[in-house]
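Structure first, then comments.
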Amino acid sequence: MTDIQLYDTTLRDGMQGEGMSLSAKEKLRVAHVLDELGIDVIEAGFPSSNPKELELFELLIGESFAHAEIAAFGMTRRRGVDADQDPALRMLAECSTPVCTLVGKTWALHLDKILRVDHDENLRIIAESVAFLVGQGKRVVYDAEHFFDGFADDPAYALACLRAAAEAGAETVTCCDTNGGTLPDSISVAIAEVAAALRSSGAQIGIHCHDDTGCGVAGTLAAVAQGATQVQGTINGYGERCGNANLVTIIANLQLKLGHSCLTDAQLGSLTRVAHLLDELLNLTPDPDQPYVGRNAFAHKGGMHVAGVEADPATFEHVDPALLGNRRDLLISELSGRRTIEARARDAGISLEDEQAARVLERIKEREHRGYHYEAADGSFELLLRKENGTHEPLFELESWRAIVEKRADGRVATEATIKIWVDGERYVRTAEGNGPVNALDRALREALVEIHPHLREIDLVNYKVRILDETKGTGAVTRVLLDASDGEQVWGSIGVSENIIEASWEALVESLEYGMLAVPVPADGSSRPVRGRAPNDA
C-alpha cells in the first residue's frame with residue numbers, strides 16, 4: 001500500500017508551541033532533513049506573516065529537494081475583497097512553491113462570533129480563494145479549520161465547505177481537529193461521511209489532528225481507516241497547547257502496523273536520528289518514553305522481561321528496534337535478574353562466572369536500597385562488573401581531599417580544592433581553584449593525572465544532576481549525584497550517593513574518569529579514537 005501522503009507542518013504549526021524558535025537557515029536545514037526522511041509535502045510557513053518567513057521563502061528559491069514538495073501556508077480571502085485583489089493570496093500566487101495550503105472556516109460558531117460572515121458568503125470565500133490559486137497554477141490543499149466541531153454542530157454545512165473547496169479545484173481537502181477535542185470514534189464517523197460526500201470530486205481527504213485529548217495519533221489512524229490519504233502532523237508532536245499529532249509515531253504505525261509503504265527501509269531506519277536531531281536543534285531533551293524512537297521504547301528492566309527478549313525478542317517487543325534506528329536496552333536495577341547482568345557484561349566484553357553475576361546482582365540490590373540508580377549510570381555499572389571479576393584498575397589511591405569555599409566581604413565567592421593521591425608509588429599533591437567545589441576537585445585531580453593519562457584532556461563533564469532522596473531530612477538528607485561525561489565520541493553516566501553532596505560528587509567524578517580511561521591501544525588501522533573496554537593485556 002503506497003497511497004498515503006506524508007505532510008509535515010513542523011516549520012509552521014510546530015513552531016507555535018511554547019519556546020519553539022528556529023532561524024530561517026535552521027528551518028532550511030530542517031526542510032532538507034525532512035526531504036531525506038521521505039516526507040512528501042513540507043509546509044514551510046506563512047510567507048506573509050513576518051520577515052523571518054519571507055527570508056525562508058527567499059532561501060527556498062535557490063534550493064532543490066530530492067523528493068519533497070514545499071507548501072506555502074495562507075488564509076482564504078478577506079471578507080469584501082476579491083480573491084485576485086487580496087494581498088495575502090497574491091503573495092501565495094507569486095510564491096515559488098508548487099503547493100499552497102489555504103485555511104478556512106467551517107464552524108458556524110467562528111462565522112457568527114469572530115468573522116461575522118454570512119454562511120453562504122463563507123462558501124463563496126472558500127471557492128473563490130481556491131479557484132484563484134488553481135488558476136495561478138498552484139496545487140491547493142484546503143485545510144478546513146475546526147471541521148469536526150463544525151461537523152458535530154451542523155454536518156450538512158461542514159460538508160458543504162469541503163465541497164466548495166473540492167469543486168473549485170482543491171487537490172486535497174483536509175479535515176482539521178483544531179481544538180484537539182474530538183475522539184477517534186467520532187473522527188471515524190465523520191471521515192466516513194466525508195469520503196462518501198467527496199467521492200465524485202476526485203479530491204483526496206487529509207487529516208490534521210491536535211493532541212489535546214492525547215488521541216492525535218489515534219484520531220489520525222482512525223481517519224486513514226475511513227479513507228483519508230494525506231496525514232498531517234509534526235515531528236515529535238510539536239505545536240501549540242498539547243501539540244500536534246506526532247508524525248514520527250504515525251509513520252511507524254502506518255508502515256509497521258498497517259502495511260503502508262511510506263518510506264524506504266533506510267529512511268525508516270533514520271527515524272530515531274531525525275526525531276532526536278529536531279529536538280537538538282530546538283534545544284529540547286528527547287522524550288525517553290516516546291513510542292518507537294525514545295530511549296526507553298525498547299528498554300527492559302524486569303528480570304523475566306530480560307530473560308524473554310534474550311530467548312526471543314518477540315516475547316516482549318512488538319517490533320524490531322533496529323527497523324527504526326533505535327536499539328534494545330537492558331536496564332540495571334533491583335528488579336534485574338542474573339541474565340540481565342550477564343547480558344550487559346557480554347555487551348561490555350567482560351567475562352563473569354555465575355557466582356560473580358549473582359554477587360553483582362545482590363550488590364546492586366543493596367546499593368539501590370541505599371539510593372544508587374544504575375539505569376542512568378552505565379559507566380559506574382561497568383566498573384562494578386570489573387571490580388567483581390578482578391579486572392578493575394583504579395587510576396590512583398586516595399590519601400585525602402578537601403574543598404574550601406570562602407565567602408568574602410566584597411561578595412566574591414572563592415573555592416579551592418586540594419587532593420593528595422598516590423600513583424605507582426609516587427605521591428601527588430595538587431591544589432586548584434574552581435567556580436565551585438566539584439569544579440575545583442575536578443581541576444586538581446586532572447592536574448595530577450593528565451601527564452600520566454593524556455586522554456583525560458579529551459573527557460568533558462557534560463551534565464551534572466543532584467537529587468535529594470529523602471526531603472523530610474532537610475539538609476541532612478542523602479544526596480544522589482549523576483554525572484554525564486563525553487570524550488567527543490561517546491557519552492556515559494556515573495553515580496555517587498552520600499549524605500555529603502561533595503562526597504557524592506567526588507565518587508561520581510572519579511568513576512566518570514575511570515570509565516573514560518577504559519581504552520584499548522591504538523587500533524590497527526591507525527585511528528586514535530578510544531574504543532570502550534580494556535584490551536586483555538590491560539585487564
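The way I read the labels, and the way they are meant: chains A, B, ... in the order of the C-alpha cells, residue 1 as the first residue of every chain, and ligand 1 as the first ligand shown, with later ones counted on from there.
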Name the residues in contact with A:Ile4 at a cut-off of 8 Å, using only C-alpha atoms, excluding same-chain residues fewer than 4 positions from it; report them as a VMD selection string. chain A and resid 229 to 231 260 262
**Asked** Which residues in stretch 424-490 of chain A does DSSP call helix (DSSP H, G or I)? List them as a VMD selection string.
**Response** chain A and resid 437 to 449 454 to 458 471 to 476
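Proximity of A:Val173, A:Ala66, A:Asp120, A:Leu282 to A:Leu11, computed with only C-alpha atoms, is greatest for A:Leu282.
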Using only C-alpha atoms, the shortest atom-to-atom distance to A:Val41 among A:His67, A:Lys113, A:Arg480, A:Arg273 belongs to A:His67
With distances taken over only C-alpha atoms, the candidate from A:Val103, A:Ile459, A:Leu59, A:Ile191 nearest A:Thr178 is A:Val103
Excluding stretch 377-392 of chain A and its own-chain neighbours fewer than 4 positions away, which residues fall within 10 Å of it when counting only C-alpha atoms? Please give them as an MDAnalysis selection string. chainID A and resid 331:332 341:342 344:345 348 350:353 356:357 359:361 363:364 372:373 482:485 491:496 507:508 510:516 518 533:534 536 538:539
Quick one: write out the picked residues with C-alpha atoms as an mmCIF file, in the first residue's frame?
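To be explicit, this is the file written out as out_3.cif:
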data_model
loop_
_atom_site.group_PDB
_atom_site.id
_atom_site.type_symbol
_atom_site.label_atom_id
_atom_site.label_comp_id
_atom_site.auth_asym_id
_atom_site.auth_seq_id
_atom_site.Cartn_x
_atom_site.Cartn_y
_atom_site.Cartn_z
ATOM 1 C CA LEU A 331 18.267 -1.660 32.393
ATOM 2 C CA ILE A 332 20.066 -2.440 35.612
ATOM 3 C CA ILE A 341 23.743 -8.816 34.447
ATOM 4 C CA GLU A 342 25.225 -11.475 32.191
ATOM 5 C CA ARG A 344 25.246 -6.423 29.959
ATOM 6 C CA ALA A 345 28.604 -7.997 30.815
ATOM 7 C CA ALA A 348 30.899 -4.814 27.509
ATOM 8 C CA ILE A 350 33.502 -8.689 30.393
ATOM 9 C CA SER A 351 33.657 -12.327 31.461
ATOM 10 C CA LEU A 352 31.629 -13.193 34.560
ATOM 11 C CA GLU A 353 31.252 -16.500 36.310
ATOM 12 C CA GLN A 356 30.150 -13.429 40.216
ATOM 13 C CA ALA A 357 26.964 -12.444 38.370
ATOM 14 C CA ARG A 359 27.111 -11.364 43.696
ATOM 15 C CA VAL A 360 26.799 -8.367 41.357
ATOM 16 C CA LEU A 361 23.018 -8.718 41.446
ATOM 17 C CA ARG A 363 25.296 -5.845 45.405
ATOM 18 C CA ILE A 364 23.078 -3.847 43.045
ATOM 19 C CA TYR A 372 22.082 4.254 43.832
ATOM 20 C CA HIS A 373 20.377 4.178 40.440
ATOM 21 C CA LEU A 482 24.575 11.735 38.398
ATOM 22 C CA LEU A 483 27.316 12.881 36.017
ATOM 23 C CA ASP A 484 27.385 12.527 32.251
ATOM 24 C CA ALA A 485 30.815 12.653 30.621
ATOM 25 C CA VAL A 491 28.583 9.718 26.444
ATOM 26 C CA TRP A 492 28.475 7.718 29.681
ATOM 27 C CA GLY A 493 26.988 8.162 33.119
ATOM 28 C CA SER A 494 28.387 7.731 36.609
ATOM 29 C CA ILE A 495 26.830 7.973 40.043
ATOM 30 C CA GLY A 496 27.651 8.843 43.635
ATOM 31 C CA GLU A 507 32.545 9.441 43.800
ATOM 32 C CA ALA A 508 30.704 10.150 40.551
ATOM 33 C CA VAL A 510 36.229 9.596 39.869
ATOM 34 C CA GLU A 511 34.126 6.856 38.271
ATOM 35 C CA SER A 512 33.406 9.033 35.222
ATOM 36 C CA LEU A 513 37.144 9.462 34.654
ATOM 37 C CA GLU A 514 37.992 5.822 35.384
ATOM 38 C CA TYR A 515 35.399 4.644 32.890
ATOM 39 C CA GLY A 516 36.630 7.171 30.348
ATOM 40 C CA LEU A 518 38.876 2.126 29.640
ATOM 41 C CA GLY A 533 36.571 -1.675 27.030
ATOM 42 C CA ARG A 534 40.088 -2.680 28.033
ATOM 43 C CA PRO A 536 43.115 -8.341 27.570
ATOM 44 C CA ASP A 538 45.355 -4.148 30.111
ATOM 45 C CA ALA A 539 42.859 -6.062 32.235
#
- Message: Excluding stretch 88-97 of chain A and its own-chain neighbours fewer than 4 positions away, which residues fall within 10 Å of it when counting only C-alpha atoms? Please give them as number ranges by chain.
- Response: A: 43-44, 46-49, 54, 57-58, 60-62, 69-78, 82-84, 101-102, 129-130, 132-139
Can you write just those residues out, N, CA and C atoms, as a tab-separated table (two decimals), in the first residue's frame?
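Output saved as out-v4.tsv:
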chain	number	residue	atom	x	y	z
A	43	GLU	N	5.33	21.83	4.75
A	43	GLU	CA	4.71	23.14	4.89
A	43	GLU	C	5.75	24.08	5.50
A	44	ALA	N	6.25	25.01	4.69
A	44	ALA	CA	7.37	25.84	5.13
A	44	ALA	C	6.95	26.99	6.02
A	46	PHE	N	4.16	30.65	6.63
A	46	PHE	CA	3.18	31.65	6.25
A	46	PHE	C	3.96	32.84	5.70
A	47	PRO	N	4.22	32.92	4.37
A	47	PRO	CA	5.16	33.91	3.85
A	47	PRO	C	4.77	35.36	4.13
A	48	SER	N	3.50	35.62	4.39
A	48	SER	CA	3.09	37.00	4.63
A	48	SER	C	3.06	37.37	6.11
A	49	SER	N	3.53	36.46	6.99
A	49	SER	CA	3.33	36.71	8.42
A	49	SER	C	4.43	37.54	9.06
A	54	LEU	N	9.54	35.42	5.30
A	54	LEU	CA	9.91	35.89	3.96
A	54	LEU	C	11.34	35.49	3.61
A	57	PHE	N	11.43	31.81	2.58
A	57	PHE	CA	10.93	31.55	1.22
A	57	PHE	C	11.88	32.08	0.16
A	58	GLU	N	12.62	33.13	0.47
A	58	GLU	CA	13.66	33.61	-0.45
A	58	GLU	C	14.79	32.59	-0.54
A	60	LEU	N	14.49	29.40	-0.08
A	60	LEU	CA	13.97	28.20	-0.75
A	60	LEU	C	14.02	28.31	-2.27
A	61	ILE	N	14.03	29.54	-2.78
A	61	ILE	CA	14.04	29.72	-4.24
A	61	ILE	C	15.25	29.03	-4.86
A	62	GLY	N	16.37	29.08	-4.19
A	62	GLY	CA	17.60	28.51	-4.74
A	62	GLY	C	17.86	27.08	-4.33
A	69	GLU	N	7.91	18.19	-1.80
A	69	GLU	CA	7.42	19.43	-2.37
A	69	GLU	C	7.17	20.40	-1.22
A	70	ILE	N	7.43	21.67	-1.47
A	70	ILE	CA	7.27	22.69	-0.44
A	70	ILE	C	5.90	23.35	-0.59
A	71	ALA	N	5.24	23.55	0.53
A	71	ALA	CA	3.94	24.21	0.54
A	71	ALA	C	4.04	25.52	1.30
A	72	ALA	N	3.39	26.54	0.75
A	72	ALA	CA	3.24	27.82	1.46
A	72	ALA	C	1.85	27.85	2.07
A	73	PHE	N	1.76	28.44	3.25
A	73	PHE	CA	0.51	28.44	4.01
A	73	PHE	C	-0.11	29.84	4.02
A	74	GLY	N	-1.43	29.88	3.92
A	74	GLY	CA	-2.12	31.16	4.00
A	74	GLY	C	-3.59	30.97	4.30
A	75	MET	N	-4.33	32.05	4.25
A	75	MET	CA	-5.76	32.02	4.58
A	75	MET	C	-6.59	32.39	3.35
A	76	THR	N	-7.85	32.01	3.40
A	76	THR	CA	-8.78	32.41	2.35
A	76	THR	C	-8.91	33.93	2.33
A	77	ARG	N	-9.48	34.45	1.25
A	77	ARG	CA	-9.55	35.91	1.09
A	77	ARG	C	-10.33	36.55	2.22
A	78	ARG	N	-10.05	37.83	2.41
A	78	ARG	CA	-10.78	38.59	3.42
A	78	ARG	C	-12.19	38.91	2.93
A	82	ASP	N	-12.00	40.97	-3.37
A	82	ASP	CA	-11.92	39.93	-4.40
A	82	ASP	C	-10.64	39.13	-4.22
A	83	ALA	N	-10.70	37.85	-4.57
A	83	ALA	CA	-9.56	36.97	-4.36
A	83	ALA	C	-8.32	37.48	-5.06
A	84	ASP	N	-8.47	37.99	-6.31
A	84	ASP	CA	-7.29	38.42	-7.04
A	84	ASP	C	-6.75	39.76	-6.55
A	101	THR	N	-1.34	25.88	0.75
A	101	THR	CA	-2.32	25.38	1.71
A	101	THR	C	-3.12	26.56	2.24
A	102	LEU	N	-4.42	26.47	2.06
A	102	LEU	CA	-5.33	27.53	2.49
A	102	LEU	C	-6.14	27.04	3.68
A	129	SER	N	-11.27	31.66	-3.32
A	129	SER	CA	-9.86	31.64	-2.93
A	129	SER	C	-9.13	30.46	-3.55
A	130	VAL	N	-9.75	29.28	-3.48
A	130	VAL	CA	-9.14	28.09	-4.07
A	130	VAL	C	-9.03	28.24	-5.58
A	132	PHE	N	-8.86	30.89	-7.41
A	132	PHE	CA	-7.83	31.86	-7.81
A	132	PHE	C	-6.45	31.22	-7.84
A	133	LEU	N	-6.09	30.50	-6.78
A	133	LEU	CA	-4.76	29.89	-6.73
A	133	LEU	C	-4.61	28.77	-7.76
A	134	VAL	N	-5.66	28.01	-7.97
A	134	VAL	CA	-5.61	26.97	-9.00
A	134	VAL	C	-5.40	27.61	-10.36
A	135	GLY	N	-6.08	28.73	-10.58
A	135	GLY	CA	-5.92	29.45	-11.84
A	135	GLY	C	-4.53	30.01	-12.04
A	136	GLN	N	-3.81	30.20	-10.94
A	136	GLN	CA	-2.42	30.67	-11.00
A	136	GLN	C	-1.42	29.53	-11.10
A	137	GLY	N	-1.95	28.31	-11.30
A	137	GLY	CA	-1.08	27.15	-11.50
A	137	GLY	C	-0.65	26.45	-10.22
A	138	LYS	N	-1.30	26.78	-9.11
A	138	LYS	CA	-0.94	26.15	-7.84
A	138	LYS	C	-1.78	24.91	-7.58
A	139	ARG	N	-1.14	23.96	-6.91
A	139	ARG	CA	-1.89	22.83	-6.36
A	139	ARG	C	-2.31	23.21	-4.95
Any idea what's packed within 6 Å of stretch 154-171 of chain A, counting only C-alpha atoms, ignoring anything in its chain fewer than 3 positions away? Could you give it as a list in words?
-> Thr106, Leu123, Ile126, Ala127, Val130, Ala131, Val140, Val141, Gly150, Phe151 and Ala203 of chain A
Please produce a file of those selected residues containing C-alpha atoms, as a PDB file, in the first residue's frame.
ATOM      1  CA  THR A 106     -16.062  25.536   8.794  1.00  0.00           C
ATOM      2  CA  LEU A 123     -18.788  29.218   0.929  1.00  0.00           C
ATOM      3  CA  ILE A 126     -13.625  29.289   0.132  1.00  0.00           C
ATOM      4  CA  ALA A 127     -14.465  28.591  -3.526  1.00  0.00           C
ATOM      5  CA  VAL A 130      -9.144  28.086  -4.067  1.00  0.00           C
ATOM      6  CA  ALA A 131     -10.131  28.829  -7.665  1.00  0.00           C
ATOM      7  CA  VAL A 140      -4.138  23.642  -3.422  1.00  0.00           C
ATOM      8  CA  VAL A 141      -4.615  21.907  -0.083  1.00  0.00           C
ATOM      9  CA  GLY A 150     -18.424  22.182  12.799  1.00  0.00           C
ATOM     10  CA  PHE A 151     -19.498  18.709  11.750  1.00  0.00           C
ATOM     11  CA  ALA A 203     -10.180  15.286  -4.182  1.00  0.00           C
TER      12      ALA A 203
END
Residue with the minimum atom-to-atom distance to A:Leu109, picked from A:Val81, A:Asn244, A:Thr172, A:His146 with only C-alpha atoms counted, is A:His146
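Backbone DSSP assigns strand (DSSP E or B) in stretch 112-257 of chain A to Arg139, Val140, Val141, Tyr142, Asp143, Ala144, Glu145, Thr172, Val173, Thr174, Cys175, Cys176, Asp177, Gln204, Ile205, Gly206, Ile207, His208, Cys209, His210, Gln230, Val231, Gln232, Gly233, Thr234, Asn244 and Asn246 of chain A.
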Got time to write the residues from that selection, N, CA and C atoms, as a short mmCIF file (atom, residue, chain, number, x, y, z; two decimals), in the first residue's frame?
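This went into out-v3.cif:
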data_model
loop_
_atom_site.label_atom_id
_atom_site.label_comp_id
_atom_site.auth_asym_id
_atom_site.auth_seq_id
_atom_site.Cartn_x
_atom_site.Cartn_y
_atom_site.Cartn_z
N ARG A 139 -1.14 23.96 -6.91
CA ARG A 139 -1.89 22.83 -6.36
C ARG A 139 -2.31 23.21 -4.95
N VAL A 140 -3.59 23.07 -4.65
CA VAL A 140 -4.14 23.64 -3.42
C VAL A 140 -4.56 22.55 -2.44
N VAL A 141 -4.11 22.71 -1.21
CA VAL A 141 -4.62 21.91 -0.08
C VAL A 141 -5.53 22.83 0.72
N TYR A 142 -6.77 22.45 0.88
CA TYR A 142 -7.68 23.26 1.69
C TYR A 142 -7.78 22.65 3.08
N ASP A 143 -7.37 23.41 4.09
CA ASP A 143 -7.46 22.97 5.48
C ASP A 143 -8.74 23.52 6.09
N ALA A 144 -9.67 22.62 6.35
CA ALA A 144 -10.96 23.02 6.94
C ALA A 144 -10.79 23.14 8.45
N GLU A 145 -10.56 24.36 8.91
CA GLU A 145 -10.31 24.60 10.32
C GLU A 145 -11.56 24.27 11.15
N THR A 172 -6.56 18.54 -2.37
CA THR A 172 -6.79 17.85 -1.10
C THR A 172 -7.67 18.72 -0.22
N VAL A 173 -8.63 18.12 0.44
CA VAL A 173 -9.40 18.81 1.47
C VAL A 173 -9.07 18.11 2.79
N THR A 174 -8.54 18.88 3.72
CA THR A 174 -8.05 18.31 4.97
C THR A 174 -8.98 18.67 6.12
N CYS A 175 -9.41 17.68 6.84
CA CYS A 175 -10.31 17.86 7.98
C CYS A 175 -9.46 18.08 9.23
N CYS A 176 -9.60 19.25 9.84
CA CYS A 176 -8.74 19.62 10.96
C CYS A 176 -9.49 19.55 12.28
N ASP A 177 -8.90 18.83 13.23
CA ASP A 177 -9.41 18.84 14.60
C ASP A 177 -8.61 19.90 15.35
N GLN A 204 -8.52 14.27 -2.76
CA GLN A 204 -8.12 13.37 -1.69
C GLN A 204 -8.46 14.00 -0.34
N ILE A 205 -8.62 13.15 0.66
CA ILE A 205 -9.01 13.59 2.00
C ILE A 205 -7.78 13.59 2.89
N GLY A 206 -7.60 14.69 3.61
CA GLY A 206 -6.50 14.79 4.56
C GLY A 206 -7.02 14.84 5.99
N ILE A 207 -6.13 14.59 6.93
CA ILE A 207 -6.49 14.62 8.36
C ILE A 207 -5.39 15.37 9.11
N HIS A 208 -5.82 16.30 9.97
CA HIS A 208 -4.89 17.12 10.76
C HIS A 208 -5.43 17.15 12.18
N CYS A 209 -4.77 16.42 13.08
CA CYS A 209 -5.24 16.32 14.46
C CYS A 209 -4.29 17.02 15.42
N HIS A 210 -4.87 17.59 16.46
CA HIS A 210 -4.09 18.07 17.60
C HIS A 210 -4.26 17.08 18.75
N GLN A 230 -4.05 11.70 3.05
CA GLN A 230 -2.98 12.63 3.43
C GLN A 230 -2.99 12.76 4.95
N VAL A 231 -1.85 12.53 5.58
CA VAL A 231 -1.77 12.68 7.04
C VAL A 231 -0.85 13.84 7.37
N GLN A 232 -1.36 14.77 8.16
CA GLN A 232 -0.58 15.92 8.58
C GLN A 232 -0.16 15.76 10.04
N GLY A 233 1.00 16.27 10.34
CA GLY A 233 1.49 16.21 11.71
C GLY A 233 2.82 16.92 11.81
N THR A 234 3.43 16.86 12.98
CA THR A 234 4.73 17.47 13.20
C THR A 234 5.68 16.44 13.79
N ASN A 244 0.68 18.84 18.20
CA ASN A 244 0.02 18.20 17.05
C ASN A 244 0.15 16.69 17.14
N ASN A 246 1.74 13.37 16.43
CA ASN A 246 3.17 13.09 16.28
C ASN A 246 3.40 12.31 14.99
#
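Using only C-alpha atoms, the smallest distance between any of A:Phe298, A:Trp422, A:Tyr464, A:Tyr238 and A:Ser21 comes from A:Tyr238.
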